[in-house]
Protein chains: 2
Amino acid sequence: MDIVFIGAGNLATNLSHALHEAGHKIVQIYSRTEASAKALADDFGCPFTNNEDQIVVGPYIYIICVTDSALAEVAQKVIKGREDCLFVHTAGSMQMDVLPSKRRGVFYPMQTFSKARLVNFTDIPVFVEASENKDADTLLSLAKTISEKVYELSSADRQYLHLAAVFCCNFANHCYTLSEEILGQHGIPFEVMNSLIDETAAKVHNISPSQAQTGPAARKDENVIRKHLQLLDDNPRLQTIYDIMTKSIAHD
Amino acid sequence: MDIVFIGAGNLATNLSHALHEAGHKIVQIYSRTEASAKALADDFGCPFTNNEDQIVVGPYIYIICVTDSALAEVAQKVIKGREDCLFVHTAGSMQMDVLPSKRRGVFYPMQTFSKARLVNFTDIPVFVEASENKDADTLLSLAKTISEKVYELSSADRQYLHLAAVFCCNFANHCYTLSEEILGQHGIPFEVMNSLIDETAAKVHNISPSQAQTGPAARKDENVIRKHLQLLDDNPRLQTIYDIMTKSIAHD
């Protein structure tokens, strides 16, 4: 299939490479930042632009990969004059209807992306949705060329999926950050946590996380909990998080 | 080396198997629950007992693997009459001095254990400490037969290590649980999160977690944050956690 990318950030970089490797043609890259558009277009030897008037018009799939907060504004600009084309966005948290084109859809690969680290899409679930059945089929086919886990999901349910992903990914990562903060204050390198982090993640492939829960809160071990709260006396932010997470675990 | 196990729970099961496979001799298993002592002793064809008077006395390393809250009481009982033997405990959160023996130490493999899932100790960091230098050397040698990551760490610093592990493991796992709770309410299977969880864990082997942070809180995307908080209107417990984690991420 022939694809135009709107955006050249982390996700656009990862997704365009995966689609290109799966044999699709990257027709053009648009980014508000010309240097970003050029850098990504250079990977494919394709045209680029930072001028929305110069975005090609044709029977392409236009994939908009911009930050959620910029999506509505960018979509408005790039769709103008191309209302009959199929535009899709990649934002887990946004409704499909944020796109003002007649044919619109969502193509949401649920993963955490960095430009520096190209990921393998095979195991990344992709959630798709489209305003027209024919386009839904096209997007399902496109997704299946890069991933083995493709689901059709409505905007209404996808917002809960995205919320759940914030807990699993963003908040779990913040737990790592808080851990690093504590270790740093005592000269212990964060890398000692690697195997514990990996095992905690691996466990829940086979066991429900509520059943996999261990630690002082799961054991309701008041002595250890009290001591930990005391150790955090000089750090009210971490102390509050410790207290609330512990109470929430004990609630289960 | 010759080892007596006090306890037959998750950690005792995992650790005794790892030490046995590394060529050490399991001399005896003691547990307050006779059936547990027998079940584990059967794996090695060694004696077991649930009577502390029948614990063997000799030049062994006595490894006490019981829950943190039971440690002081169990240690008191099993050390009585064996004060000259080397007793060590395995509790990350407990001081070495909770053991009333003359020769005492700590042997803390930092990992989350389940009886059902025997883990490979090679990558598990083991933190050791002893009241006598000679015993510290013995414990370092013992640890090195099962792990490539062995550290000597004082009780004072180990309590912060354990606290940091609660964040990295127990609280990260609870984030998975909350995610599962949200997905379950919308009929989405938790397994769609597997690759996101794995990538989130894998990332911090190479990048500091504070730098790896993504998501609405890291982007300070108020629209998405507000919408997520609304989605949690019927669940004040999750709403509070979302709010506090988001503010803590934005603080970084």
# chains A, B, ... in the order shown; residues from 1 in each chain; ligands from 1
$ closest_atom_pairs --of "chain B" --to "chain A" --cutoff "6 Å" --atoms "only C-alpha atoms" --output "JSON lines"
{"residue": "B:Gln111", "atom": "CA", "partner": "A:Leu196", "partner_atom": "CA", "distance": 5.2}
{"residue": "B:Ile124", "atom": "CA", "partner": "A:Ser195", "partner_atom": "CA", "distance": 5.9}
{"residue": "B:Ala164", "atom": "CA", "partner": "A:Ser179", "partner_atom": "CA", "distance": 4.4}
{"residue": "B:Phe167", "atom": "CA", "partner": "A:Cys175", "partner_atom": "CA", "distance": 5.2}
{"residue": "B:Cys168", "atom": "CA", "partner": "A:Tyr176", "partner_atom": "CA", "distance": 5.0}
{"residue": "B:Cys169", "atom": "CA", "partner": "A:Thr200", "partner_atom": "CA", "distance": 5.9}
{"residue": "B:Asn170", "atom": "CA", "partner": "A:Gly215", "partner_atom": "CA", "distance": 5.9}
{"residue": "B:Ala172", "atom": "CA", "partner": "A:Ala172", "partner_atom": "CA", "distance": 4.4}
{"residue": "B:Cys175", "atom": "CA", "partner": "A:Phe167", "partner_atom": "CA", "distance": 5.2}
{"residue": "B:Tyr176", "atom": "CA", "partner": "A:Cys168", "partner_atom": "CA", "distance": 5.0}
{"residue": "B:Thr177", "atom": "CA", "partner": "A:Pro209", "partner_atom": "CA", "distance": 5.1}
{"residue": "B:Ser179", "atom": "CA", "partner": "A:Ala164", "partner_atom": "CA", "distance": 4.4}
{"residue": "B:Ile182", "atom": "CA", "partner": "A:Ala164", "partner_atom": "CA", "distance": 6.0}
{"residue": "B:Ser195", "atom": "CA", "partner": "A:Ile124", "partner_atom": "CA", "distance": 5.9}
{"residue": "B:Leu196", "atom": "CA", "partner": "A:Gln111", "partner_atom": "CA", "distance": 5.2}
{"residue": "B:Thr200", "atom": "CA", "partner": "A:Cys169", "partner_atom": "CA", "distance": 5.9}
{"residue": "B:Pro209", "atom": "CA", "partner": "A:Thr177", "partner_atom": "CA", "distance": 5.1}
{"residue": "B:Ser210", "atom": "CA", "partner": "A:Thr177", "partner_atom": "CA", "distance": 5.3}
{"residue": "B:Gly215", "atom": "CA", "partner": "A:Asn170", "partner_atom": "CA", "distance": 5.9}
$ write_last_selection --atoms "C-alpha atoms" --output "mmCIF file, in the first residue's frame"
data_model
loop_
_atom_site.group_PDB
_atom_site.id
_atom_site.type_symbol
_atom_site.label_atom_id
_atom_site.label_comp_id
_atom_site.auth_asym_id
_atom_site.auth_seq_id
_atom_site.Cartn_x
_atom_site.Cartn_y
_atom_site.Cartn_z
ATOM 1 C CA GLN B 111 13.852 -11.329 43.536
ATOM 2 C CA ILE B 124 19.630 -12.402 40.583
ATOM 3 C CA ALA B 164 13.488 0.611 46.344
ATOM 4 C CA PHE B 167 8.640 0.383 44.247
ATOM 5 C CA CYS B 168 10.218 -1.513 41.307
ATOM 6 C CA CYS B 169 8.470 -4.795 41.890
ATOM 7 C CA ASN B 170 5.452 -4.636 44.202
ATOM 8 C CA ALA B 172 4.909 -1.798 39.413
ATOM 9 C CA CYS B 175 0.016 -0.884 38.360
ATOM 10 C CA TYR B 176 -0.470 -4.006 36.225
ATOM 11 C CA THR B 177 -3.308 -5.086 38.539
ATOM 12 C CA SER B 179 -4.655 -1.946 34.453
ATOM 13 C CA ILE B 182 -9.850 -1.347 33.933
ATOM 14 C CA SER B 195 4.439 -6.500 24.896
ATOM 15 C CA LEU B 196 3.993 -3.033 26.416
ATOM 16 C CA THR B 200 8.733 -0.833 29.468
ATOM 17 C CA PRO B 209 13.710 5.381 33.847
ATOM 18 C CA SER B 210 13.329 9.126 34.330
ATOM 19 C CA GLY B 215 2.683 9.341 28.362
#
$ residues_around --residues "Ala39 in chain A" --least-positions-apart "6" --cutoff "10 Å" --atoms "only C-alpha atoms" --output "number ranges by chain"
A: 8, 13, 29, 48
$ atom_distance --atom1 "CA of Pro47 in chain A" --atom2 "CA of Asp84 in chain A"
22.1 Å
$ atom_distance --atom1 "CA of Ser131 in chain B" --atom2 "CA of Val98 in chain B"
11.9 Å
$ select_by_dssp --residues "range 114-252 of chain B" --states "helix (DSSP H, G or I)" --output "MDAnalysis selection string"
chainID B and resid 121:123 133:144 155:184 190:203 209:212 216:219 222:231 236:251
$ closest_residue --among "A:Gly92, A:Gly81, A:Gly7, A:Gly45" --to "Phe127 in chain A" --atoms "only C-alpha atoms"
A:Gly92
$ closest_residue --among "A:His20, A:Ile26, A:Ile63, A:Ile3" --to "Ala41 in chain A" --atoms "only C-alpha atoms"
A:Ile26
$ select_by_dssp --residues "range 40-238 of chain A" --states "strand (DSSP E)" --output "PyMOL selection string"
chain A and resi 48-49+61-64+86-89+103-109+126-130+150-152
$ residues_around --residues "Glu129 in chain B" --least-positions-apart "5" --cutoff "7 Å" --atoms "only C-alpha atoms" --output "PyMOL selection string"
chain B and resi 105-107+136+152-154
$ write_last_selection --atoms "N, CA, C and O atoms" --output "PDB file, in the first residue's frame"
ATOM      1  N   GLY B 105      24.596 -13.445  59.935  1.00  0.00           N
ATOM      2  CA  GLY B 105      24.762 -12.801  58.639  1.00  0.00           C
ATOM      3  C   GLY B 105      23.444 -12.673  57.901  1.00  0.00           C
ATOM      4  O   GLY B 105      22.385 -13.066  58.393  1.00  0.00           O
ATOM      5  N   VAL B 106      23.553 -12.090  56.704  1.00  0.00           N
ATOM      6  CA  VAL B 106      22.384 -11.934  55.835  1.00  0.00           C
ATOM      7  C   VAL B 106      22.758 -12.452  54.456  1.00  0.00           C
ATOM      8  O   VAL B 106      23.900 -12.256  53.998  1.00  0.00           O
ATOM      9  N   PHE B 107      21.821 -13.127  53.825  1.00  0.00           N
ATOM     10  CA  PHE B 107      22.011 -13.668  52.483  1.00  0.00           C
ATOM     11  C   PHE B 107      20.714 -13.343  51.749  1.00  0.00           C
ATOM     12  O   PHE B 107      19.724 -14.066  51.863  1.00  0.00           O
ATOM     13  N   ALA B 136      31.735 -13.460  56.316  1.00  0.00           N
ATOM     14  CA  ALA B 136      31.367 -12.669  55.133  1.00  0.00           C
ATOM     15  C   ALA B 136      31.997 -13.295  53.896  1.00  0.00           C
ATOM     16  O   ALA B 136      31.350 -13.435  52.854  1.00  0.00           O
ATOM     17  N   GLU B 152      28.426  -7.007  48.772  1.00  0.00           N
ATOM     18  CA  GLU B 152      28.391  -6.912  50.227  1.00  0.00           C
ATOM     19  C   GLU B 152      27.686  -5.595  50.552  1.00  0.00           C
ATOM     20  O   GLU B 152      28.002  -4.558  49.960  1.00  0.00           O
ATOM     21  N   LEU B 153      26.695  -5.631  51.433  1.00  0.00           N
ATOM     22  CA  LEU B 153      25.909  -4.421  51.718  1.00  0.00           C
ATOM     23  C   LEU B 153      25.506  -4.424  53.190  1.00  0.00           C
ATOM     24  O   LEU B 153      25.026  -5.432  53.703  1.00  0.00           O
ATOM     25  N   SER B 154      25.672  -3.271  53.849  1.00  0.00           N
ATOM     26  CA  SER B 154      25.347  -3.176  55.274  1.00  0.00           C
ATOM     27  C   SER B 154      23.840  -3.193  55.492  1.00  0.00           C
ATOM     28  O   SER B 154      23.060  -2.877  54.596  1.00  0.00           O
TER      29      SER B 154
END
$ residues_around --residues "Tyr62 in chain A" --least-positions-apart "6" --cutoff "10 Å" --atoms "only C-alpha atoms" --output "VMD selection string"
chain A and resid 2 to 6 27 to 29 56 78 to 79 85 to 89 104 to 105
$ write_last_selection --atoms "N, CA and C atoms" --output "short mmCIF file (atom, residue, chain, number, x, y, z; two decimals), in the first residue's frame"
data_model
loop_
_atom_site.label_atom_id
_atom_site.label_comp_id
_atom_site.auth_asym_id
_atom_site.auth_seq_id
_atom_site.Cartn_x
_atom_site.Cartn_y
_atom_site.Cartn_z
N ASP A 2 0.32 2.37 -0.39
CA ASP A 2 1.07 3.62 -0.48
C ASP A 2 0.67 4.53 0.68
N ILE A 3 1.67 4.98 1.41
CA ILE A 3 1.38 5.67 2.67
C ILE A 3 2.05 7.02 2.74
N VAL A 4 1.29 8.03 3.20
CA VAL A 4 1.83 9.36 3.46
C VAL A 4 1.90 9.52 4.98
N PHE A 5 3.06 9.93 5.47
CA PHE A 5 3.18 10.15 6.92
C PHE A 5 3.06 11.63 7.26
N ILE A 6 2.17 11.92 8.20
CA ILE A 6 2.04 13.27 8.74
C ILE A 6 2.65 13.19 10.14
N VAL A 27 5.23 7.33 0.57
CA VAL A 27 5.09 8.24 -0.57
C VAL A 27 5.65 9.62 -0.25
N GLN A 28 5.44 10.09 0.97
CA GLN A 28 5.86 11.43 1.36
C GLN A 28 5.84 11.55 2.88
N ILE A 29 6.73 12.41 3.39
CA ILE A 29 6.72 12.71 4.83
C ILE A 29 6.42 14.20 4.99
N VAL A 56 0.81 15.61 -1.03
CA VAL A 56 0.24 15.00 -2.23
C VAL A 56 -1.23 14.61 -2.00
N VAL A 78 -4.20 19.53 7.52
CA VAL A 78 -3.72 18.65 6.45
C VAL A 78 -4.87 17.99 5.68
N ILE A 79 -6.04 17.89 6.32
CA ILE A 79 -7.18 17.25 5.64
C ILE A 79 -7.86 18.22 4.67
N CYS A 85 -9.94 11.62 0.98
CA CYS A 85 -8.86 10.64 1.22
C CYS A 85 -9.07 9.94 2.56
N LEU A 86 -8.40 8.78 2.73
CA LEU A 86 -8.49 8.05 3.99
C LEU A 86 -7.40 8.52 4.96
N PHE A 87 -7.83 9.23 5.97
CA PHE A 87 -6.91 9.69 7.01
C PHE A 87 -7.10 8.85 8.27
N VAL A 88 -6.00 8.43 8.86
CA VAL A 88 -6.08 7.71 10.14
C VAL A 88 -5.13 8.38 11.13
N HIS A 89 -5.50 8.31 12.40
CA HIS A 89 -4.54 8.78 13.41
C HIS A 89 -4.09 7.60 14.26
N ARG A 104 -12.30 8.09 7.53
CA ARG A 104 -11.36 8.29 8.63
C ARG A 104 -11.22 6.99 9.43
N GLY A 105 -10.12 6.90 10.13
CA GLY A 105 -9.89 5.69 10.90
C GLY A 105 -8.84 5.89 11.97
#
$ residues_around --residues "Glu21 in chain A" --least-positions-apart "6" --cutoff "10 Å" --atoms "only C-alpha atoms" --output "PyMOL selection string"
chain A and resi 15+145-146
$ atom_distance --atom1 "CA of Ala12 in chain A" --atom2 "CA of Lys38 in chain A"
12.9 Å
